[in-house]
Amino acid sequence: MDQSSSKEAYSAIRTIIELTRCYDLLDDVMSRYFARFGLSQPKFNALMQLRNAGERGLSLSELGEHMLVSRANITGLIDRMERDDLVTREVDSRDRRVFRARLTNKSLHLLKHILPLHGMFTREVMSGLTGEEKENLISLLQKLSRSLQKK
């Protein structure tokens with residue numbers, strides 16, 4: 001391996017290490033934040049997807065697609081959220097084989113409380129970067145994602 005290839009390999013390894021380290025730190029920070037509200041990141045993400053879907057809610061398969069998780073994972077997540085009175089699961093009126101998840105009054109109230117705080121918190125978490133740096137990072141991560149999807 002020549003010196004150029006060696007530097008390229010080292011740079012690639014360092015990039016993966018730093019991305020992983022940053023993701024782990026961010027995951028810890030976000031987990032502690034959501035725990036204050038009795039939530040996990042997947043629960044919050046599901047609540048946001050259902051909120052964006054409106055009154056009709058989402059079928060479990062639609063929710064899984066939006067969250068990029070398997071059907072089994074969505075079923076378990078919805079089971080836990082139903083026990084916490086955050087969602088209801090109802091048979092779809094058009095197709096009795098399909099279950100739809102909808103937000104409860106409890107989750108709507110919780111989101112009303114959390115969302116303003118969440119906006120402030122995420123701005124604080126990302127305050128180490130300028131607006132331009134955030135845009136550059138988004139662009140680079142999207143480029144990397146496209147590249148990885150081809151592998």
# chains A, B, ... in the order shown; residues from 1 in each chain; ligands from 1

call {"tool": "residues_around", "arguments": {"residues": "Tyr33 in chain A", "least_positions_apart": "6", "cutoff": "12 Å", "atoms": "only C-alpha atoms", "output": "list of chain:residue names"}}
result
A:Leu26, A:Asp27, A:Leu39, A:Ser40, A:Gln41, A:Phe44, A:Ile114, A:Leu117, A:His118, A:Met120, A:Phe121, A:Thr122, A:Val125

call {"tool": "residues_around", "arguments": {"residues": "Leu63 in chain A", "least_positions_apart": "3", "cutoff": "8 Å", "atoms": "only C-alpha atoms", "output": "MDAnalysis selection string"}}
result
chainID A and resid 46 49:50 58:60 66:67 74

call {"tool": "write_last_selection", "arguments": {"atoms": "C-alpha atoms", "output": "PDB file, in the first residue's frame"}}
result
ATOM      1  CA  ALA A  46     -43.667   7.459  16.571  1.00  0.00           C
ATOM      2  CA  GLN A  49     -45.158  10.560  12.850  1.00  0.00           C
ATOM      3  CA  LEU A  50     -48.686  10.018  14.166  1.00  0.00           C
ATOM      4  CA  LEU A  58     -51.278   5.517  10.403  1.00  0.00           C
ATOM      5  CA  SER A  59     -51.442   1.820   9.762  1.00  0.00           C
ATOM      6  CA  LEU A  60     -48.721  -0.056  11.590  1.00  0.00           C
ATOM      7  CA  HIS A  66     -41.899   6.201   8.116  1.00  0.00           C
ATOM      8  CA  MET A  67     -39.677   5.113  10.993  1.00  0.00           C
ATOM      9  CA  ILE A  74     -43.421  -1.487  15.322  1.00  0.00           C
TER      10      ILE A  74
END

call {"tool": "residues_around", "arguments": {"residues": "range 79-84 of chain A", "least_positions_apart": "6", "cutoff": "10 Å", "atoms": "only C-alpha atoms", "output": "PyMOL selection string"}}
result
chain A and resi 38-39+43+46-47+73+101-104+106-107

call {"tool": "write_last_selection", "arguments": {"atoms": "C-alpha atoms", "output": "short mmCIF file (atom, residue, chain, number, x, y, z; two decimals), in the first residue's frame"}}
result
data_model
loop_
_atom_site.label_atom_id
_atom_site.label_comp_id
_atom_site.auth_asym_id
_atom_site.auth_seq_id
_atom_site.Cartn_x
_atom_site.Cartn_y
_atom_site.Cartn_z
CA GLY A 38 -41.10 9.04 30.28
CA LEU A 39 -40.30 8.51 26.61
CA LYS A 43 -41.67 6.51 21.17
CA ALA A 46 -43.67 7.46 16.57
CA LEU A 47 -45.66 10.21 18.31
CA ASN A 73 -40.41 -3.72 16.03
CA ALA A 101 -52.50 3.73 15.43
CA ARG A 102 -53.82 7.06 16.66
CA LEU A 103 -52.71 9.49 19.31
CA THR A 104 -54.57 9.65 22.62
CA LYS A 106 -52.65 12.04 26.88
CA SER A 107 -50.09 11.99 24.06
#

call {"tool": "select_by_dssp", "arguments": {"residues": "range 13-125 of chain A", "states": "strand (DSSP E or B)", "output": "ChimeraX atom specification"}}
result
/A:58-59,87-91,99-103

call {"tool": "write_last_selection", "arguments": {"atoms": "C-alpha atoms", "output": "mmCIF file, in the first residue's frame"}}
result
data_model
loop_
_atom_site.group_PDB
_atom_site.id
_atom_site.type_symbol
_atom_site.label_atom_id
_atom_site.label_comp_id
_atom_site.auth_asym_id
_atom_site.auth_seq_id
_atom_site.Cartn_x
_atom_site.Cartn_y
_atom_site.Cartn_z
ATOM 1 C CA LEU A 58 -51.278 5.517 10.403
ATOM 2 C CA SER A 59 -51.442 1.820 9.762
ATOM 3 C CA VAL A 87 -51.759 5.525 21.329
ATOM 4 C CA THR A 88 -54.843 3.536 20.496
ATOM 5 C CA ARG A 89 -54.820 0.704 18.008
ATOM 6 C CA GLU A 90 -58.015 0.314 16.034
ATOM 7 C CA VAL A 91 -59.157 -1.805 13.129
ATOM 8 C CA PHE A 99 -54.698 -1.827 12.397
ATOM 9 C CA ARG A 100 -54.284 1.931 12.630
ATOM 10 C CA ALA A 101 -52.496 3.733 15.435
ATOM 11 C CA ARG A 102 -53.820 7.062 16.658
ATOM 12 C CA LEU A 103 -52.707 9.495 19.314
#

call {"tool": "atom_distance", "arguments": {"atom1": "CA of Leu144 in chain A", "atom2": "CA of Glu8 in chain A"}}
result
15.9 Å

call {"tool": "select_by_dssp", "arguments": {"residues": "range 1-149 of chain A", "states": "alpha helix (DSSP H)", "output": "PyMOL selection string"}}
result
chain A and resi 3-35+41-53+60-67+71-83+105-125+131-149

call {"tool": "write_last_selection", "arguments": {"atoms": "C-alpha atoms", "output": "short mmCIF file (atom, residue, chain, number, x, y, z; two decimals), in the first residue's frame"}}
result
data_model
loop_
_atom_site.label_atom_id
_atom_site.label_comp_id
_atom_site.auth_asym_id
_atom_site.auth_seq_id
_atom_site.Cartn_x
_atom_site.Cartn_y
_atom_site.Cartn_z
CA GLN A 3 1.52 6.38 1.29
CA SER A 4 -1.51 7.98 -0.42
CA SER A 5 -3.61 4.82 0.03
CA SER A 6 -2.46 4.54 3.62
CA LYS A 7 -3.52 8.12 4.38
CA GLU A 8 -6.87 7.52 2.67
CA ALA A 9 -7.48 4.36 4.74
CA TYR A 10 -6.50 6.15 7.96
CA SER A 11 -8.81 9.06 7.10
CA ALA A 12 -11.71 6.68 6.37
CA ILE A 13 -11.18 4.83 9.66
CA ARG A 14 -10.96 8.09 11.63
CA THR A 15 -14.14 9.36 9.96
CA ILE A 16 -16.07 6.23 10.98
CA ILE A 17 -14.69 6.40 14.52
CA GLU A 18 -15.67 10.07 14.90
CA LEU A 19 -19.14 9.51 13.40
CA THR A 20 -19.70 6.58 15.74
CA ARG A 21 -18.43 8.47 18.77
CA CYS A 22 -20.61 11.47 17.94
CA TYR A 23 -23.67 9.27 17.35
CA ASP A 24 -23.15 7.48 20.68
CA LEU A 25 -22.85 10.79 22.54
CA LEU A 26 -25.88 12.24 20.79
CA ASP A 27 -27.88 9.08 21.50
CA ASP A 28 -26.99 9.31 25.21
CA VAL A 29 -27.92 13.00 25.39
CA MET A 30 -31.23 12.45 23.60
CA SER A 31 -32.08 9.35 25.67
CA ARG A 32 -31.59 11.27 28.92
CA TYR A 33 -33.67 14.14 27.55
CA PHE A 34 -36.61 11.95 26.51
CA ALA A 35 -36.45 9.97 29.77
CA GLN A 41 -36.49 8.20 21.12
CA PRO A 42 -38.54 5.60 19.19
CA LYS A 43 -41.67 6.51 21.17
CA PHE A 44 -41.13 10.21 20.50
CA ASN A 45 -40.48 9.53 16.80
CA ALA A 46 -43.67 7.46 16.57
CA LEU A 47 -45.66 10.21 18.31
CA MET A 48 -44.33 12.76 15.84
CA GLN A 49 -45.16 10.56 12.85
CA LEU A 50 -48.69 10.02 14.17
CA ARG A 51 -49.09 13.72 14.94
CA ASN A 52 -48.09 14.58 11.38
CA ALA A 53 -50.54 12.01 10.02
CA LEU A 60 -48.72 -0.06 11.59
CA SER A 61 -47.01 -0.83 8.28
CA GLU A 62 -47.11 2.87 7.26
CA LEU A 63 -45.66 3.83 10.63
CA GLY A 64 -42.91 1.23 10.21
CA GLU A 65 -42.04 2.64 6.78
CA HIS A 66 -41.90 6.20 8.12
CA MET A 67 -39.68 5.11 10.99
CA ARG A 71 -43.11 -4.75 11.41
CA ALA A 72 -42.14 -6.76 14.51
CA ASN A 73 -40.41 -3.72 16.03
CA ILE A 74 -43.42 -1.49 15.32
CA THR A 75 -45.81 -4.00 16.87
CA GLY A 76 -43.73 -4.13 20.06
CA LEU A 77 -43.38 -0.35 20.15
CA ILE A 78 -47.12 0.18 19.69
CA ASP A 79 -47.83 -2.45 22.38
CA ARG A 80 -45.69 -0.48 24.84
CA MET A 81 -47.17 2.85 23.78
CA GLU A 82 -50.69 1.46 24.12
CA ARG A 83 -49.89 0.28 27.69
CA ASN A 105 -55.50 12.81 24.49
CA LYS A 106 -52.65 12.04 26.88
CA SER A 107 -50.09 11.99 24.06
CA LEU A 108 -51.51 15.13 22.46
CA HIS A 109 -51.17 16.93 25.80
CA LEU A 110 -47.65 15.55 26.27
CA LEU A 111 -46.59 16.73 22.81
CA LYS A 112 -48.08 20.17 23.43
CA HIS A 113 -45.85 20.39 26.51
CA ILE A 114 -42.72 18.82 24.99
CA LEU A 115 -42.49 20.43 21.54
CA PRO A 116 -41.55 23.97 22.64
CA LEU A 117 -38.96 22.50 25.03
CA HIS A 118 -37.74 20.13 22.33
CA GLY A 119 -37.11 22.99 19.93
CA MET A 120 -35.04 24.82 22.53
CA PHE A 121 -33.20 21.65 23.52
CA THR A 122 -32.26 20.65 19.98
CA ARG A 123 -31.00 24.17 19.27
CA GLU A 124 -28.87 23.93 22.42
CA VAL A 125 -27.57 20.47 21.48
CA GLY A 131 -25.92 27.57 10.73
CA GLU A 132 -23.62 27.16 7.73
CA GLU A 133 -21.80 24.26 9.41
CA LYS A 134 -25.12 22.52 10.11
CA GLU A 135 -26.13 22.89 6.45
CA ASN A 136 -22.74 21.54 5.35
CA LEU A 137 -23.02 18.61 7.75
CA ILE A 138 -26.52 17.79 6.52
CA SER A 139 -25.29 17.86 2.94
CA LEU A 140 -22.28 15.66 3.72
CA LEU A 141 -24.36 13.13 5.68
CA GLN A 142 -26.90 12.93 2.84
CA LYS A 143 -24.08 12.39 0.36
CA LEU A 144 -22.60 9.64 2.54
CA SER A 145 -26.05 8.02 2.91
CA ARG A 146 -26.53 7.94 -0.86
CA SER A 147 -23.11 6.35 -1.26
CA LEU A 148 -23.79 3.74 1.43
CA GLN A 149 -27.12 2.78 -0.16
#

call {"tool": "decode", "arguments": {"residues": "range 40-148 of chain A", "atoms": "C-alpha atoms", "output": "mmCIF file, in the first residue's frame"}}
result
data_model
loop_
_atom_site.group_PDB
_atom_site.id
_atom_site.type_symbol
_atom_site.label_atom_id
_atom_site.label_comp_id
_atom_site.auth_asym_id
_atom_site.auth_seq_id
_atom_site.Cartn_x
_atom_site.Cartn_y
_atom_site.Cartn_z
ATOM 1 C CA SER A 40 -37.674 6.862 24.466
ATOM 2 C CA GLN A 41 -36.495 8.201 21.116
ATOM 3 C CA PRO A 42 -38.538 5.597 19.191
ATOM 4 C CA LYS A 43 -41.669 6.509 21.173
ATOM 5 C CA PHE A 44 -41.128 10.208 20.497
ATOM 6 C CA ASN A 45 -40.478 9.533 16.799
ATOM 7 C CA ALA A 46 -43.667 7.459 16.571
ATOM 8 C CA LEU A 47 -45.655 10.210 18.311
ATOM 9 C CA MET A 48 -44.333 12.759 15.844
ATOM 10 C CA GLN A 49 -45.158 10.560 12.850
ATOM 11 C CA LEU A 50 -48.686 10.018 14.166
ATOM 12 C CA ARG A 51 -49.093 13.716 14.943
ATOM 13 C CA ASN A 52 -48.085 14.583 11.383
ATOM 14 C CA ALA A 53 -50.545 12.005 10.024
ATOM 15 C CA GLY A 54 -53.513 13.733 11.649
ATOM 16 C CA GLU A 55 -56.835 12.307 12.838
ATOM 17 C CA ARG A 56 -56.775 9.188 10.666
ATOM 18 C CA GLY A 57 -53.489 8.009 12.186
ATOM 19 C CA LEU A 58 -51.278 5.517 10.403
ATOM 20 C CA SER A 59 -51.442 1.820 9.762
ATOM 21 C CA LEU A 60 -48.721 -0.056 11.590
ATOM 22 C CA SER A 61 -47.014 -0.827 8.282
ATOM 23 C CA GLU A 62 -47.112 2.867 7.264
ATOM 24 C CA LEU A 63 -45.656 3.833 10.634
ATOM 25 C CA GLY A 64 -42.915 1.235 10.209
ATOM 26 C CA GLU A 65 -42.044 2.638 6.782
ATOM 27 C CA HIS A 66 -41.899 6.201 8.116
ATOM 28 C CA MET A 67 -39.677 5.113 10.993
ATOM 29 C CA LEU A 68 -37.614 2.664 8.915
ATOM 30 C CA VAL A 69 -38.123 -0.261 11.282
ATOM 31 C CA SER A 70 -39.488 -3.765 10.884
ATOM 32 C CA ARG A 71 -43.105 -4.753 11.407
ATOM 33 C CA ALA A 72 -42.139 -6.757 14.507
ATOM 34 C CA ASN A 73 -40.413 -3.717 16.026
ATOM 35 C CA ILE A 74 -43.421 -1.487 15.322
ATOM 36 C CA THR A 75 -45.807 -4.002 16.874
ATOM 37 C CA GLY A 76 -43.735 -4.130 20.062
ATOM 38 C CA LEU A 77 -43.381 -0.350 20.152
ATOM 39 C CA ILE A 78 -47.121 0.181 19.689
ATOM 40 C CA ASP A 79 -47.831 -2.453 22.376
ATOM 41 C CA ARG A 80 -45.691 -0.480 24.842
ATOM 42 C CA MET A 81 -47.174 2.851 23.781
ATOM 43 C CA GLU A 82 -50.692 1.463 24.116
ATOM 44 C CA ARG A 83 -49.886 0.281 27.686
ATOM 45 C CA ASP A 84 -48.656 3.831 28.415
ATOM 46 C CA ASP A 85 -51.929 5.261 27.009
ATOM 47 C CA LEU A 86 -50.032 7.148 24.306
ATOM 48 C CA VAL A 87 -51.759 5.525 21.329
ATOM 49 C CA THR A 88 -54.843 3.536 20.496
ATOM 50 C CA ARG A 89 -54.820 0.704 18.008
ATOM 51 C CA GLU A 90 -58.015 0.314 16.034
ATOM 52 C CA VAL A 91 -59.157 -1.805 13.129
ATOM 53 C CA ASP A 92 -59.189 0.172 9.876
ATOM 54 C CA SER A 93 -62.773 0.826 8.754
ATOM 55 C CA ARG A 94 -61.837 0.107 5.107
ATOM 56 C CA ASP A 95 -59.766 -3.032 5.667
ATOM 57 C CA ARG A 96 -60.379 -5.104 8.782
ATOM 58 C CA ARG A 97 -56.983 -6.806 8.388
ATOM 59 C CA VAL A 98 -55.220 -3.487 9.027
ATOM 60 C CA PHE A 99 -54.698 -1.827 12.397
ATOM 61 C CA ARG A 100 -54.284 1.931 12.630
ATOM 62 C CA ALA A 101 -52.496 3.733 15.435
ATOM 63 C CA ARG A 102 -53.820 7.062 16.658
ATOM 64 C CA LEU A 103 -52.707 9.495 19.314
ATOM 65 C CA THR A 104 -54.568 9.652 22.625
ATOM 66 C CA ASN A 105 -55.497 12.812 24.486
ATOM 67 C CA LYS A 106 -52.650 12.035 26.876
ATOM 68 C CA SER A 107 -50.088 11.988 24.062
ATOM 69 C CA LEU A 108 -51.509 15.135 22.463
ATOM 70 C CA HIS A 109 -51.171 16.927 25.803
ATOM 71 C CA LEU A 110 -47.654 15.546 26.269
ATOM 72 C CA LEU A 111 -46.585 16.733 22.806
ATOM 73 C CA LYS A 112 -48.076 20.167 23.425
ATOM 74 C CA HIS A 113 -45.853 20.387 26.506
ATOM 75 C CA ILE A 114 -42.721 18.818 24.985
ATOM 76 C CA LEU A 115 -42.489 20.432 21.543
ATOM 77 C CA PRO A 116 -41.550 23.972 22.638
ATOM 78 C CA LEU A 117 -38.960 22.502 25.026
ATOM 79 C CA HIS A 118 -37.742 20.129 22.327
ATOM 80 C CA GLY A 119 -37.115 22.991 19.933
ATOM 81 C CA MET A 120 -35.035 24.817 22.530
ATOM 82 C CA PHE A 121 -33.202 21.650 23.521
ATOM 83 C CA THR A 122 -32.260 20.653 19.983
ATOM 84 C CA ARG A 123 -30.996 24.169 19.269
ATOM 85 C CA GLU A 124 -28.872 23.927 22.422
ATOM 86 C CA VAL A 125 -27.565 20.468 21.479
ATOM 87 C CA MET A 126 -26.535 21.708 18.033
ATOM 88 C CA SER A 127 -25.213 25.081 19.244
ATOM 89 C CA GLY A 128 -21.622 23.925 18.750
ATOM 90 C CA LEU A 129 -22.110 24.403 14.998
ATOM 91 C CA THR A 130 -22.937 27.550 13.046
ATOM 92 C CA GLY A 131 -25.923 27.571 10.728
ATOM 93 C CA GLU A 132 -23.619 27.161 7.729
ATOM 94 C CA GLU A 133 -21.802 24.263 9.406
ATOM 95 C CA LYS A 134 -25.120 22.523 10.106
ATOM 96 C CA GLU A 135 -26.129 22.886 6.451
ATOM 97 C CA ASN A 136 -22.739 21.537 5.348
ATOM 98 C CA LEU A 137 -23.019 18.610 7.754
ATOM 99 C CA ILE A 138 -26.523 17.785 6.525
ATOM 100 C CA SER A 139 -25.291 17.855 2.940
ATOM 101 C CA LEU A 140 -22.282 15.656 3.719
ATOM 102 C CA LEU A 141 -24.356 13.131 5.677
ATOM 103 C CA GLN A 142 -26.899 12.928 2.842
ATOM 104 C CA LYS A 143 -24.081 12.386 0.356
ATOM 105 C CA LEU A 144 -22.603 9.640 2.542
ATOM 106 C CA SER A 145 -26.050 8.019 2.907
ATOM 107 C CA ARG A 146 -26.530 7.936 -0.864
ATOM 108 C CA SER A 147 -23.110 6.354 -1.259
ATOM 109 C CA LEU A 148 -23.789 3.737 1.425
#
